[in-house]
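Below is structure-v9.cif, holding mmCIF, C-alpha atoms.
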data_entry
#
loop_
_atom_site.group_PDB
_atom_site.id
_atom_site.type_symbol
_atom_site.label_atom_id
_atom_site.label_comp_id
_atom_site.auth_asym_id
_atom_site.auth_seq_id
_atom_site.Cartn_x
_atom_site.Cartn_y
_atom_site.Cartn_z
ATOM 1 C CA MET A 10 -13.796 -9.763 6.883
ATOM 2 C CA ALA A 11 -14.055 -12.342 9.656
ATOM 3 C CA TYR A 12 -11.223 -10.816 11.709
ATOM 4 C CA LYS A 13 -13.460 -7.804 12.452
ATOM 5 C CA ARG A 14 -15.553 -9.994 14.742
ATOM 6 C CA ILE A 15 -12.827 -9.843 17.379
ATOM 7 C CA LEU A 16 -13.099 -6.030 17.499
ATOM 8 C CA PRO A 17 -16.133 -4.954 19.560
ATOM 9 C CA VAL A 18 -18.264 -2.116 18.195
ATOM 10 C CA GLU A 19 -17.929 -0.378 21.560
ATOM 11 C CA LEU A 20 -14.218 0.136 20.862
ATOM 12 C CA TRP A 21 -14.899 2.530 17.972
ATOM 13 C CA TYR A 22 -17.414 4.431 20.109
ATOM 14 C CA VAL A 23 -14.933 4.908 22.966
ATOM 15 C CA VAL A 24 -12.021 6.049 20.776
ATOM 16 C CA GLN A 25 -14.152 8.918 19.432
ATOM 17 C CA ILE A 26 -13.858 10.609 22.816
ATOM 18 C CA LEU A 27 -10.751 9.052 24.398
ATOM 19 C CA SER A 28 -7.276 8.569 22.994
ATOM 20 C CA LEU A 29 -6.403 4.885 22.604
ATOM 21 C CA PRO A 30 -3.097 4.155 24.413
ATOM 22 C CA THR A 31 -0.383 2.670 22.212
ATOM 23 C CA LYS A 32 -0.083 -0.449 24.341
ATOM 24 C CA TYR A 33 -3.729 -1.340 23.700
ATOM 25 C CA SER A 34 -3.565 -0.704 19.953
ATOM 26 C CA THR A 35 -0.458 -2.923 19.895
ATOM 27 C CA VAL A 36 -2.311 -5.735 21.685
ATOM 28 C CA LEU A 37 -5.216 -5.509 19.240
ATOM 29 C CA ASP A 38 -2.847 -5.486 16.250
ATOM 30 C CA ARG A 39 -1.155 -8.615 17.583
ATOM 31 C CA ALA A 40 -4.515 -10.343 18.026
ATOM 32 C CA ILE A 41 -5.454 -9.591 14.419
ATOM 33 C CA ARG A 42 -2.068 -10.763 13.124
ATOM 34 C CA PHE A 43 -2.403 -13.982 15.134
ATOM 35 C CA TYR A 44 -5.845 -14.569 13.610
ATOM 36 C CA VAL A 45 -4.598 -13.878 10.053
ATOM 37 C CA TRP A 46 -1.314 -15.814 10.253
ATOM 38 C CA LYS A 47 -2.205 -18.686 12.558
ATOM 39 C CA GLY A 48 -0.375 -21.731 11.218
ATOM 40 C CA TYR A 49 1.951 -19.775 8.881
ATOM 41 C CA PHE A 50 5.689 -19.676 9.501
ATOM 42 C CA TYR A 51 6.565 -16.899 7.033
ATOM 43 C CA LYS A 52 4.485 -13.737 7.355
ATOM 44 C CA LEU A 53 4.072 -10.339 5.722
ATOM 45 C CA SER A 54 4.434 -7.033 7.549
ATOM 46 C CA LYS A 55 1.317 -5.458 9.022
ATOM 47 C CA THR A 56 2.058 -2.337 6.952
ATOM 48 C CA GLN A 57 1.578 -4.357 3.764
ATOM 49 C CA LEU A 58 -1.619 -5.942 5.089
ATOM 50 C CA HIS A 59 -3.034 -2.436 5.662
ATOM 51 C CA LEU A 60 -2.557 -1.581 1.981
ATOM 52 C CA PRO A 61 -5.560 -1.661 -0.402
ATOM 53 C CA LYS A 62 -6.117 -4.980 -2.165
ATOM 54 C CA THR A 63 -5.151 -3.395 -5.486
ATOM 55 C CA LYS A 64 -1.755 -2.460 -3.993
ATOM 56 C CA GLY A 65 -0.868 -5.910 -2.669
ATOM 57 C CA GLY A 66 -2.449 -5.689 0.790
ATOM 58 C CA LEU A 67 -5.560 -7.134 2.408
ATOM 59 C CA GLN A 68 -7.032 -3.786 3.423
ATOM 60 C CA LEU A 69 -6.936 -4.647 7.127
ATOM 61 C CA THR A 70 -7.903 -1.828 9.469
ATOM 62 C CA ALA A 71 -4.991 -0.052 11.174
ATOM 63 C CA ILE A 72 -6.216 0.195 14.774
ATOM 64 C CA LYS A 73 -4.030 3.127 15.829
ATOM 65 C CA GLU A 74 -4.709 5.219 12.723
ATOM 66 C CA LYS A 75 -8.454 4.562 12.723
ATOM 67 C CA SER A 76 -8.791 5.491 16.400
ATOM 68 C CA GLN A 77 -6.835 8.702 15.721
ATOM 69 C CA ALA A 78 -9.074 9.484 12.745
ATOM 70 C CA LEU A 79 -12.272 9.009 14.774
ATOM 71 C CA LEU A 80 -11.016 11.095 17.696
ATOM 72 C CA THR A 81 -9.693 13.846 15.415
ATOM 73 C CA GLN A 82 -12.935 13.951 13.442
ATOM 74 C CA ASN A 83 -14.968 14.297 16.624
ATOM 75 C CA SER A 84 -12.656 17.042 17.891
ATOM 76 C CA LEU A 85 -12.792 18.834 14.550
ATOM 77 C CA ARG A 86 -16.581 18.708 14.566
ATOM 78 C CA ALA A 87 -16.655 20.146 18.090
ATOM 79 C CA LYS A 88 -14.273 22.934 17.084
ATOM 80 C CA GLN A 89 -16.382 23.889 14.065
ATOM 81 C CA ASP A 90 -19.803 23.542 15.683
ATOM 82 C CA GLU A 91 -20.849 27.071 16.622
ATOM 83 C CA SER A 92 -24.127 25.852 18.084
ATOM 84 C CA ASP A 93 -22.376 24.338 21.099
ATOM 85 C CA PRO A 94 -20.953 27.077 23.369
ATOM 86 C CA MET A 95 -19.186 24.541 25.604
ATOM 87 C CA ASP A 96 -17.138 23.205 22.696
ATOM 88 C CA ASN A 97 -16.239 26.710 21.506
ATOM 89 C CA LYS A 98 -15.261 27.784 25.012
ATOM 90 C CA PHE A 99 -13.070 24.704 25.404
ATOM 91 C CA TRP A 100 -11.093 25.377 22.227
ATOM 92 C CA GLN A 101 -10.808 29.138 22.853
ATOM 93 C CA LYS A 102 -9.332 28.386 26.270
ATOM 94 C CA HIS A 103 -6.897 25.675 25.226
ATOM 95 C CA ILE A 104 -5.642 26.703 21.761
ATOM 96 C CA PRO A 105 -3.150 29.267 23.197
ATOM 97 C CA LEU A 106 -1.867 26.614 25.605
ATOM 98 C CA LEU A 107 -1.544 24.043 22.835
ATOM 99 C CA CYS A 108 0.661 26.430 20.867
ATOM 100 C CA SER A 109 2.940 26.912 23.847
ATOM 101 C CA LYS A 110 6.114 24.836 24.087
ATOM 102 C CA THR A 111 5.691 24.509 27.852
ATOM 103 C CA THR A 112 2.107 23.255 27.746
ATOM 104 C CA ILE A 113 1.075 20.788 30.433
ATOM 105 C CA LEU A 114 -2.025 19.634 28.537
ATOM 106 C CA PRO A 115 -2.303 15.925 27.607
ATOM 107 C CA GLN A 116 -0.105 14.863 24.699
ATOM 108 C CA SER A 117 -3.129 13.381 22.928
ATOM 109 C CA LEU A 118 -4.875 16.781 22.858
ATOM 110 C CA LYS A 119 -1.768 18.440 21.460
ATOM 111 C CA MET A 120 -1.534 15.684 18.850
ATOM 112 C CA ILE A 121 -5.140 16.280 17.769
ATOM 113 C CA TRP A 122 -4.572 20.011 17.397
ATOM 114 C CA GLU A 123 -1.383 19.516 15.360
ATOM 115 C CA ALA A 124 -3.207 17.032 13.158
ATOM 116 C CA ILE A 125 -6.100 19.427 12.554
ATOM 117 C CA GLU A 126 -3.693 22.238 11.676
ATOM 118 C CA SER A 127 -1.863 20.009 9.179
ATOM 119 C CA TYR A 128 -4.948 18.911 7.238
ATOM 120 C CA SER A 129 -5.962 20.449 3.964
ATOM 121 C CA PRO A 130 -9.145 22.562 3.687
ATOM 122 C CA THR A 131 -10.972 19.571 2.152
ATOM 123 C CA ILE A 132 -11.099 18.046 5.628
ATOM 124 C CA ALA A 133 -13.532 20.757 6.734
ATOM 125 C CA THR A 134 -16.654 19.082 5.423
ATOM 126 C CA ASN A 135 -20.023 18.410 7.005
ATOM 127 C CA ASP A 136 -20.047 14.761 5.945
ATOM 128 C CA LYS A 137 -18.868 13.011 9.104
ATOM 129 C CA ASN A 138 -18.305 9.572 7.564
ATOM 130 C CA GLN A 139 -16.486 10.945 4.531
ATOM 131 C CA ASN A 140 -14.420 13.205 6.769
ATOM 132 C CA THR A 141 -13.225 10.262 8.879
ATOM 133 C CA LYS A 142 -12.197 8.376 5.729
ATOM 134 C CA ILE A 143 -10.204 11.372 4.496
ATOM 135 C CA ILE A 144 -8.409 11.722 7.842
ATOM 136 C CA TYR A 145 -7.726 7.962 7.957
ATOM 137 C CA SER A 146 -6.299 8.063 4.418
ATOM 138 C CA PHE A 147 -4.160 11.052 5.376
ATOM 139 C CA LEU A 148 -2.721 9.167 8.355
ATOM 140 C CA MET A 149 -2.143 5.978 6.355
ATOM 141 C CA LYS A 150 -0.105 7.812 3.708
ATOM 142 C CA LYS A 151 2.585 8.374 6.316
ATOM 143 C CA ASN A 152 3.204 4.609 6.533
ATOM 144 C CA VAL A 153 2.978 3.550 2.886
ATOM 145 C CA GLN A 154 5.093 0.495 2.107
ATOM 146 C CA ILE A 155 5.734 -1.112 -1.265
ATOM 147 C CA PRO A 156 5.331 -4.902 -0.956
ATOM 148 C CA ARG A 157 8.672 -6.675 -0.933
ATOM 149 C CA ILE A 158 7.722 -8.875 -3.882
ATOM 150 C CA VAL A 159 6.950 -5.775 -5.975
ATOM 151 C CA GLU A 160 10.422 -4.419 -5.255
ATOM 152 C CA LYS A 161 11.918 -7.805 -6.069
ATOM 153 C CA LEU A 162 10.050 -8.223 -9.379
ATOM 154 C CA PRO A 163 9.300 -4.665 -10.549
ATOM 155 C CA ASN A 164 8.660 -5.637 -14.185
ATOM 156 C CA GLN A 165 5.493 -7.591 -13.410
ATOM 157 C CA ARG A 166 2.116 -5.888 -13.905
ATOM 158 C CA TRP A 167 1.288 -6.031 -10.217
ATOM 159 C CA GLY A 168 -1.794 -3.843 -10.445
ATOM 160 C CA ASN A 169 -3.429 -6.376 -12.787
ATOM 161 C CA ILE A 170 -2.174 -9.347 -10.771
ATOM 162 C CA TRP A 171 -3.616 -8.095 -7.453
ATOM 163 C CA ARG A 172 -6.966 -7.241 -9.088
ATOM 164 C CA ASN A 173 -7.141 -10.666 -10.742
ATOM 165 C CA MET A 174 -6.339 -12.442 -7.466
ATOM 166 C CA HIS A 175 -9.230 -10.710 -5.672
ATOM 167 C CA MET A 176 -11.724 -11.302 -8.491
ATOM 168 C CA ALA A 177 -15.237 -12.124 -7.270
ATOM 169 C CA ASN A 178 -16.658 -15.685 -7.332
ATOM 170 C CA ILE A 179 -13.288 -17.338 -6.729
ATOM 171 C CA PRO A 180 -13.192 -19.471 -3.530
ATOM 172 C CA THR A 181 -11.578 -17.785 -0.524
ATOM 173 C CA ALA A 182 -9.313 -20.793 0.112
ATOM 174 C CA TRP A 183 -7.930 -20.465 -3.414
ATOM 175 C CA LYS A 184 -7.297 -16.745 -2.930
ATOM 176 C CA THR A 185 -5.467 -17.397 0.346
ATOM 177 C CA THR A 186 -3.121 -19.898 -1.299
ATOM 178 C CA VAL A 187 -2.534 -17.670 -4.315
ATOM 179 C CA TYR A 188 -1.809 -14.649 -2.100
ATOM 180 C CA CYS A 189 0.876 -16.582 -0.208
ATOM 181 C CA TYR A 190 2.229 -17.943 -3.487
ATOM 182 C CA LEU A 191 2.475 -14.526 -5.144
ATOM 183 C CA ASN A 192 4.233 -13.086 -2.077
ATOM 184 C CA GLN A 193 6.574 -16.112 -2.005
ATOM 185 C CA ILE A 194 5.988 -16.928 1.664
ATOM 186 C CA ILE A 195 5.202 -20.629 1.184
ATOM 187 C CA PRO A 196 7.962 -22.567 3.022
ATOM 188 C CA THR A 197 9.705 -24.516 0.251
ATOM 189 C CA GLU A 198 12.828 -26.502 1.137
ATOM 190 C CA GLU A 199 14.956 -24.014 -0.803
ATOM 191 C CA LYS A 200 13.544 -21.112 1.219
ATOM 192 C CA ARG A 201 13.923 -22.943 4.514
ATOM 193 C CA HIS A 202 17.499 -23.876 3.618
ATOM 194 C CA ARG A 203 18.366 -20.207 3.023
ATOM 195 C CA HIS A 204 17.203 -19.487 6.574
ATOM 196 C CA ASN A 205 19.122 -22.453 8.040
ATOM 197 C CA LEU A 206 15.952 -24.340 8.927
ATOM 198 C CA THR A 207 16.829 -27.497 6.985
ATOM 199 C CA ASP A 208 19.975 -29.277 5.857
ATOM 200 C CA SER A 209 19.151 -29.483 2.176
ATOM 201 C CA PRO A 210 17.239 -27.401 -0.416
ATOM 202 C CA ALA A 211 16.268 -30.556 -2.291
ATOM 203 C CA CYS A 212 12.662 -31.631 -2.728
ATOM 204 C CA LYS A 213 11.779 -34.520 -0.413
ATOM 205 C CA ASN A 214 9.696 -36.179 -3.127
ATOM 206 C CA CYS A 215 12.009 -36.135 -6.131
ATOM 207 C CA GLY A 216 15.363 -34.699 -5.055
ATOM 208 C CA TRP A 217 15.275 -31.641 -7.341
ATOM 209 C CA LEU A 218 15.721 -28.092 -6.036
ATOM 210 C CA ASP A 219 12.461 -27.370 -4.197
ATOM 211 C CA THR A 220 11.188 -24.008 -5.437
ATOM 212 C CA LEU A 221 7.629 -22.794 -5.941
ATOM 213 C CA LYS A 222 7.899 -23.212 -9.701
ATOM 214 C CA HIS A 223 9.187 -26.757 -9.202
ATOM 215 C CA ARG A 224 6.253 -27.622 -6.935
ATOM 216 C CA VAL A 225 3.591 -26.445 -9.370
ATOM 217 C CA THR A 226 5.115 -27.597 -12.669
ATOM 218 C CA ASN A 227 7.668 -30.382 -12.313
ATOM 219 C CA CYS A 228 7.472 -32.332 -9.044
ATOM 220 C CA GLY A 229 6.466 -35.928 -9.764
ATOM 221 C CA ALA A 230 2.741 -36.243 -10.449
ATOM 222 C CA ALA A 231 2.397 -32.450 -10.240
ATOM 223 C CA LYS A 232 3.745 -32.357 -13.801
ATOM 224 C CA THR A 233 0.643 -34.269 -14.978
ATOM 225 C CA ILE A 234 -1.623 -31.646 -13.391
ATOM 226 C CA TRP A 235 0.458 -28.887 -14.993
ATOM 227 C CA GLU A 236 0.021 -30.449 -18.441
ATOM 228 C CA ALA A 237 -3.727 -30.936 -17.866
ATOM 229 C CA ALA A 238 -4.127 -27.291 -16.821
ATOM 230 C CA LYS A 239 -2.318 -26.145 -19.977
ATOM 231 C CA VAL A 240 -4.603 -28.345 -22.110
ATOM 232 C CA LEU A 241 -7.682 -26.835 -20.443
ATOM 233 C CA LEU A 242 -6.333 -23.324 -20.922
ATOM 234 C CA VAL A 243 -5.654 -23.892 -24.628
ATOM 235 C CA LYS A 244 -9.172 -25.283 -25.139
ATOM 236 C CA ILE A 245 -10.715 -22.264 -23.397
ATOM 237 C CA TRP A 246 -8.337 -19.861 -25.098
ATOM 238 C CA PRO A 247 -7.421 -21.341 -28.548
ATOM 239 C CA ASP A 248 -5.085 -18.492 -29.593
ATOM 240 C CA SER A 249 -2.838 -18.827 -26.538
ATOM 241 C CA GLN A 250 0.893 -19.438 -26.846
ATOM 242 C CA ILE A 251 3.191 -21.304 -24.434
ATOM 243 C CA HIS A 252 4.302 -17.987 -22.903
ATOM 244 C CA ASP A 253 0.643 -17.074 -22.320
ATOM 245 C CA CYS A 254 0.129 -20.320 -20.381
ATOM 246 C CA PHE A 255 3.062 -19.531 -18.104
ATOM 247 C CA GLN A 256 1.952 -15.926 -17.626
ATOM 248 C CA THR A 257 -1.607 -16.983 -16.783
ATOM 249 C CA LEU A 258 -1.121 -20.133 -14.701
ATOM 250 C CA LEU A 259 2.002 -19.032 -12.825
ATOM 251 C CA VAL A 260 1.579 -15.246 -12.555
ATOM 252 C CA LEU A 261 -2.208 -14.737 -12.864
ATOM 253 C CA ASP A 262 -1.721 -12.101 -15.552
ATOM 254 C CA PRO A 263 -3.221 -13.179 -18.895
ATOM 255 C CA PRO A 264 -2.162 -10.844 -21.742
ATOM 256 C CA THR A 265 -5.740 -10.551 -23.015
ATOM 257 C CA LYS A 266 -9.191 -10.030 -21.507
ATOM 258 C CA GLN A 267 -10.680 -12.863 -23.546
ATOM 259 C CA ASN A 268 -12.453 -15.286 -21.152
ATOM 260 C CA LYS A 269 -10.624 -13.509 -18.341
ATOM 261 C CA PHE A 270 -12.676 -14.807 -15.429
ATOM 262 C CA VAL A 271 -12.491 -18.409 -16.633
ATOM 263 C CA THR A 272 -8.714 -18.295 -17.069
ATOM 264 C CA ILE A 273 -8.144 -16.661 -13.653
ATOM 265 C CA TRP A 274 -10.542 -19.132 -12.030
ATOM 266 C CA LEU A 275 -8.662 -22.053 -13.585
ATOM 267 C CA ALA A 276 -5.237 -20.627 -12.655
ATOM 268 C CA SER A 277 -6.299 -20.034 -9.030
ATOM 269 C CA GLY A 278 -7.678 -23.560 -8.695
ATOM 270 C CA PHE A 279 -4.555 -25.012 -10.288
ATOM 271 C CA LEU A 280 -2.180 -23.199 -7.909
ATOM 272 C CA HIS A 281 -4.307 -24.049 -4.872
ATOM 273 C CA TYR A 282 -4.375 -27.746 -5.746
ATOM 274 C CA GLN A 283 -0.659 -27.995 -6.541
ATOM 275 C CA LEU A 284 0.411 -26.235 -3.340
ATOM 276 C CA THR A 285 -1.989 -27.786 -0.816
ATOM 277 C CA LYS A 286 -2.393 -31.434 -1.820
ATOM 278 C CA PRO A 287 0.288 -33.897 -0.677
ATOM 279 C CA LEU A 288 -0.510 -36.310 -3.513
ATOM 280 C CA HIS A 289 -1.371 -35.163 -7.018
ATOM 281 C CA LYS A 290 -3.970 -37.110 -9.001
ATOM 282 C CA ILE A 291 -5.498 -35.889 -12.232
ATOM 283 C CA GLU A 292 -8.899 -37.355 -11.317
ATOM 284 C CA GLU A 293 -8.894 -35.513 -7.988
ATOM 285 C CA PHE A 294 -7.899 -32.236 -9.648
ATOM 286 C CA LEU A 295 -10.650 -32.474 -12.271
ATOM 287 C CA HIS A 296 -13.180 -33.463 -9.604
ATOM 288 C CA MET A 297 -12.256 -30.394 -7.524
ATOM 289 C CA LEU A 298 -12.805 -28.113 -10.508
ATOM 290 C CA LYS A 299 -16.119 -29.757 -11.458
ATOM 291 C CA GLU A 300 -17.418 -29.678 -7.877
ATOM 292 C CA LEU A 301 -16.809 -25.935 -7.523
ATOM 293 C CA GLU A 302 -17.736 -25.163 -11.106
ATOM 294 C CA THR A 303 -21.314 -26.388 -10.599
ATOM 295 C CA LYS A 304 -21.735 -23.659 -7.931
ATOM 296 C CA ASN A 305 -20.568 -20.938 -10.303
ATOM 297 C CA ASP A 306 -22.468 -20.036 -13.467
ATOM 298 C CA LYS A 307 -19.582 -17.957 -14.832
ATOM 299 C CA SER A 308 -17.288 -20.956 -15.142
ATOM 300 C CA SER A 309 -19.701 -23.177 -17.116
ATOM 301 C CA GLN A 310 -17.297 -23.191 -20.049
ATOM 302 C CA ILE A 311 -14.753 -25.084 -17.955
ATOM 303 C CA LEU A 312 -17.247 -27.880 -17.267
ATOM 304 C CA LYS A 313 -17.679 -28.489 -20.991
ATOM 305 C CA GLU A 314 -13.928 -28.698 -21.492
ATOM 306 C CA LEU A 315 -13.527 -30.978 -18.459
ATOM 307 C CA ARG A 316 -15.993 -33.452 -19.967
ATOM 308 C CA LEU A 317 -14.140 -33.399 -23.271
ATOM 309 C CA LEU A 318 -10.809 -33.852 -21.490
ATOM 310 C CA GLU A 319 -12.102 -36.867 -19.575
ATOM 311 C CA LEU A 320 -13.461 -38.411 -22.779
ATOM 312 C CA ASN A 321 -10.091 -38.009 -24.484
ATOM 313 C CA ARG A 322 -8.089 -39.508 -21.623
#
Could I get this structure in the form of structure tokens?
Amino acid sequence: MAYKRILPVELWYVVQILSLPTKYSTVLDRAIRFYVWKGYFYKLSKTQLHLPKTKGGLQLTAIKEKSQALLTQNSLRAKQDESDPMDNKFWQKHIPLLCSKTTILPQSLKMIWEAIESYSPTIATNDKNQNTKIIYSFLMKKNVQIPRIVEKLPNQRWGNIWRNMHMANIPTAWKTTVYCYLNQIIPTEEKRHRHNLTDSPACKNCGWLDTLKHRVTNCGAAKTIWEAAKVLLVKIWPDSQIHDCFQTLLVLDPPTKQNKFVTIWLASGFLHYQLTKPLHKIEEFLHMLKELETKNDKSSQILKELRLLELNR
């Protein structure tokens, strides 16, 4: 991901031999969060962003945990390497002191030893890269957080929804919008009113209660786009019912795998257009789909239906 460019490679080299102070890991975490959320008022916790994509996160690297994993792995290798007498002598000298309650050794060294003692035997492997991943996973399990939206709507099939959202060949801008939409962090008037940031929860365009569902299905000209998207979905997926349209276009969870990529592609483009464009025009929406469709062989079926839809208008 692009945010990794702000983290120099030298950092990961240094933290293999020196403990990274908390204040520096905090500064780096803040820099990453600023990069990710620049321009957004409502944000998600960094703990959620560290989760795998299939669990509702963005799989961002946890600076503190990764630095601990690298340092612990290097220390574990040194402890196990019998070919290096200096390493063996170091551990033989300091292990008794580490076990003492009155030890004056650095806290970071004591932390490494306690971590090594707490790991399962599977950690003791010769594969350095795999070992670091296991240690990192072990550390991350201590801070597992269920996304707030999953707790709020537990009956949704979130595993399918997150996988569909991150499907390959869907534009990154669409995914960004959909991710914010699914986590309900887009600042609607209703949401801002609940946090005392505006005087009224009414939509500024039509006067109705301004919710996410209102914005994508019923706000002025947005209703025309909503109807057009349903027509396209029915043409691509003839057996679909009205409930299937709602489940696919509003939740990104079609009940069948038939033409799955095409339906998810259409739903992502629909949500992105409805939530980012100030004015909604059917011609502009269809043009956006056609322009991106020509760059993607998998969505060729949509182009055929777009031509038919334009002919019938």
Extending 4 Å beyond the listed atoms of region 49-66 of chain A on each side, what axis-aligned box results? I want centre and edge lengths in Å to one decimal, as AutoDock Vina command-line options.
--center_x 0.2 --center_y -10.7 --center_z 2.0 --size_x 20.7 --size_y 26.2 --size_z 23.0
Query raised in the report: From the list A:Leu80, A:Leu298, A:Val23, A:Leu218, which residue is nearest Ala238 (chain A) when using all atoms listed in the file?
Result: A:Leu298
Report task. Quick one: apply the PyMOL selection byres ((chain A and resi 72) around 12) to the file and drop the selected residues here as JSON, numbers by chain. Result -> {"A": [13, 16, 20, 21, 24, 28, 29, 30, 31, 32, 33, 34, 35, 36, 37, 38, 39, 40, 41, 42, 55, 56, 59, 69, 70, 71, 73, 74, 75, 76, 77, 78, 79, 145, 148, 149]}
Resulting file, chosen residues, C-alpha atoms, as a CSV table (one decimal), in the coordinates of the input:
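New file again-v5.csv:
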chain,number,residue,atom,x,y,z
A,13,LYS,CA,-13.5,-7.8,12.5
A,16,LEU,CA,-13.1,-6.0,17.5
A,20,LEU,CA,-14.2,0.1,20.9
A,21,TRP,CA,-14.9,2.5,18.0
A,24,VAL,CA,-12.0,6.0,20.8
A,28,SER,CA,-7.3,8.6,23.0
A,29,LEU,CA,-6.4,4.9,22.6
A,30,PRO,CA,-3.1,4.2,24.4
A,31,THR,CA,-0.4,2.7,22.2
A,32,LYS,CA,-0.1,-0.4,24.3
A,33,TYR,CA,-3.7,-1.3,23.7
A,34,SER,CA,-3.6,-0.7,20.0
A,35,THR,CA,-0.5,-2.9,19.9
A,36,VAL,CA,-2.3,-5.7,21.7
A,37,LEU,CA,-5.2,-5.5,19.2
A,38,ASP,CA,-2.8,-5.5,16.2
A,39,ARG,CA,-1.2,-8.6,17.6
A,40,ALA,CA,-4.5,-10.3,18.0
A,41,ILE,CA,-5.5,-9.6,14.4
A,42,ARG,CA,-2.1,-10.8,13.1
A,55,LYS,CA,1.3,-5.5,9.0
A,56,THR,CA,2.1,-2.3,7.0
A,59,HIS,CA,-3.0,-2.4,5.7
A,69,LEU,CA,-6.9,-4.6,7.1
A,70,THR,CA,-7.9,-1.8,9.5
A,71,ALA,CA,-5.0,-0.1,11.2
A,73,LYS,CA,-4.0,3.1,15.8
A,74,GLU,CA,-4.7,5.2,12.7
A,75,LYS,CA,-8.5,4.6,12.7
A,76,SER,CA,-8.8,5.5,16.4
A,77,GLN,CA,-6.8,8.7,15.7
A,78,ALA,CA,-9.1,9.5,12.7
A,79,LEU,CA,-12.3,9.0,14.8
A,145,TYR,CA,-7.7,8.0,8.0
A,148,LEU,CA,-2.7,9.2,8.4
A,149,MET,CA,-2.1,6.0,6.4
**Report entry** All residues 7 Å or closer to region 166-181 of chain A, all atoms listed in the file, same chain fewer than 6 positions away omitted, as JSON, numbers by chain
**Finding:** {"A": [62, 63, 64, 65, 261, 262, 273, 274]}
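If you look at CA of Val271 (chain A) and CA of Asp248 (chain A), they are 14.9 Å away from each other.
Between CA of Phe294 (chain A) and CA of Tyr282 (chain A) there is a distance of 6.9 Å.
The spacing separating CA of Lys213 (chain A) from CA of Gln283 (chain A) amounts to 15.3 Å.
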Query raised in the report: Mind telling me what the PyMOL selection byres ((chain A and resi 195-203) around 9) catches here, as a list in words?
Result: Tyr49, Phe50, Tyr51, Thr186, Cys189, Tyr190, Asn192, Gln193, Ile194, His204, Asn205, Leu206, Thr207, Asp208, Ser209, Pro210, Ala211, Cys212, Lys213, Leu218, Asp219, Thr220, Leu221, Arg224 and Leu284 of chain A
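Excluding region 226-229 of chain A itself and same-chain residues fewer than 2 positions from it, the residues having an atom within 9 Å of it are Cys212, Asn214, Cys215, Trp217, Asp219, Leu221, Lys222, His223, Arg224, Ala231, Lys232, Thr233, Ile234, Trp235, Glu236, Gln283 and His289 of chain A, counting all atoms listed in the file.
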Taking the file as shown, what set of residues would the PyMOL selection byres ((chain A and resi 244-246) around 9) give back, as an mmCIF file with C-alpha atoms, keeping the file's coordinate frame?
data_model
loop_
_atom_site.group_PDB
_atom_site.id
_atom_site.type_symbol
_atom_site.label_atom_id
_atom_site.label_comp_id
_atom_site.auth_asym_id
_atom_site.auth_seq_id
_atom_site.Cartn_x
_atom_site.Cartn_y
_atom_site.Cartn_z
ATOM 1 C CA LYS A 239 -2.318 -26.145 -19.977
ATOM 2 C CA VAL A 240 -4.603 -28.345 -22.110
ATOM 3 C CA LEU A 241 -7.682 -26.835 -20.443
ATOM 4 C CA LEU A 242 -6.333 -23.324 -20.922
ATOM 5 C CA VAL A 243 -5.654 -23.892 -24.628
ATOM 6 C CA PRO A 247 -7.421 -21.341 -28.548
ATOM 7 C CA ASP A 248 -5.085 -18.492 -29.593
ATOM 8 C CA SER A 249 -2.838 -18.827 -26.538
ATOM 9 C CA GLN A 267 -10.680 -12.863 -23.546
ATOM 10 C CA ASN A 268 -12.453 -15.286 -21.152
ATOM 11 C CA VAL A 271 -12.491 -18.409 -16.633
ATOM 12 C CA THR A 272 -8.714 -18.295 -17.069
ATOM 13 C CA GLN A 310 -17.297 -23.191 -20.049
ATOM 14 C CA ILE A 311 -14.753 -25.084 -17.955
ATOM 15 C CA GLU A 314 -13.928 -28.698 -21.492
#
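Distances to Leu301 (chain A) were evaluated for A:Pro287, A:Gly278, A:Gly66, A:Gly48 using all atoms listed in the file, and the minimum falls at A:Gly278.
For the choices A:Ile251, A:Leu259, A:Leu275, A:Ala237, the atom-to-atom distance to Ile291 (chain A) is smallest for A:Ala237 when using only C-alpha atoms.
Closest approach to Asn152 (chain A) from the set A:Ala230, A:Cys254, A:Glu293, A:Gln57 is made by A:Gln57, with distances taken over only C-alpha atoms.
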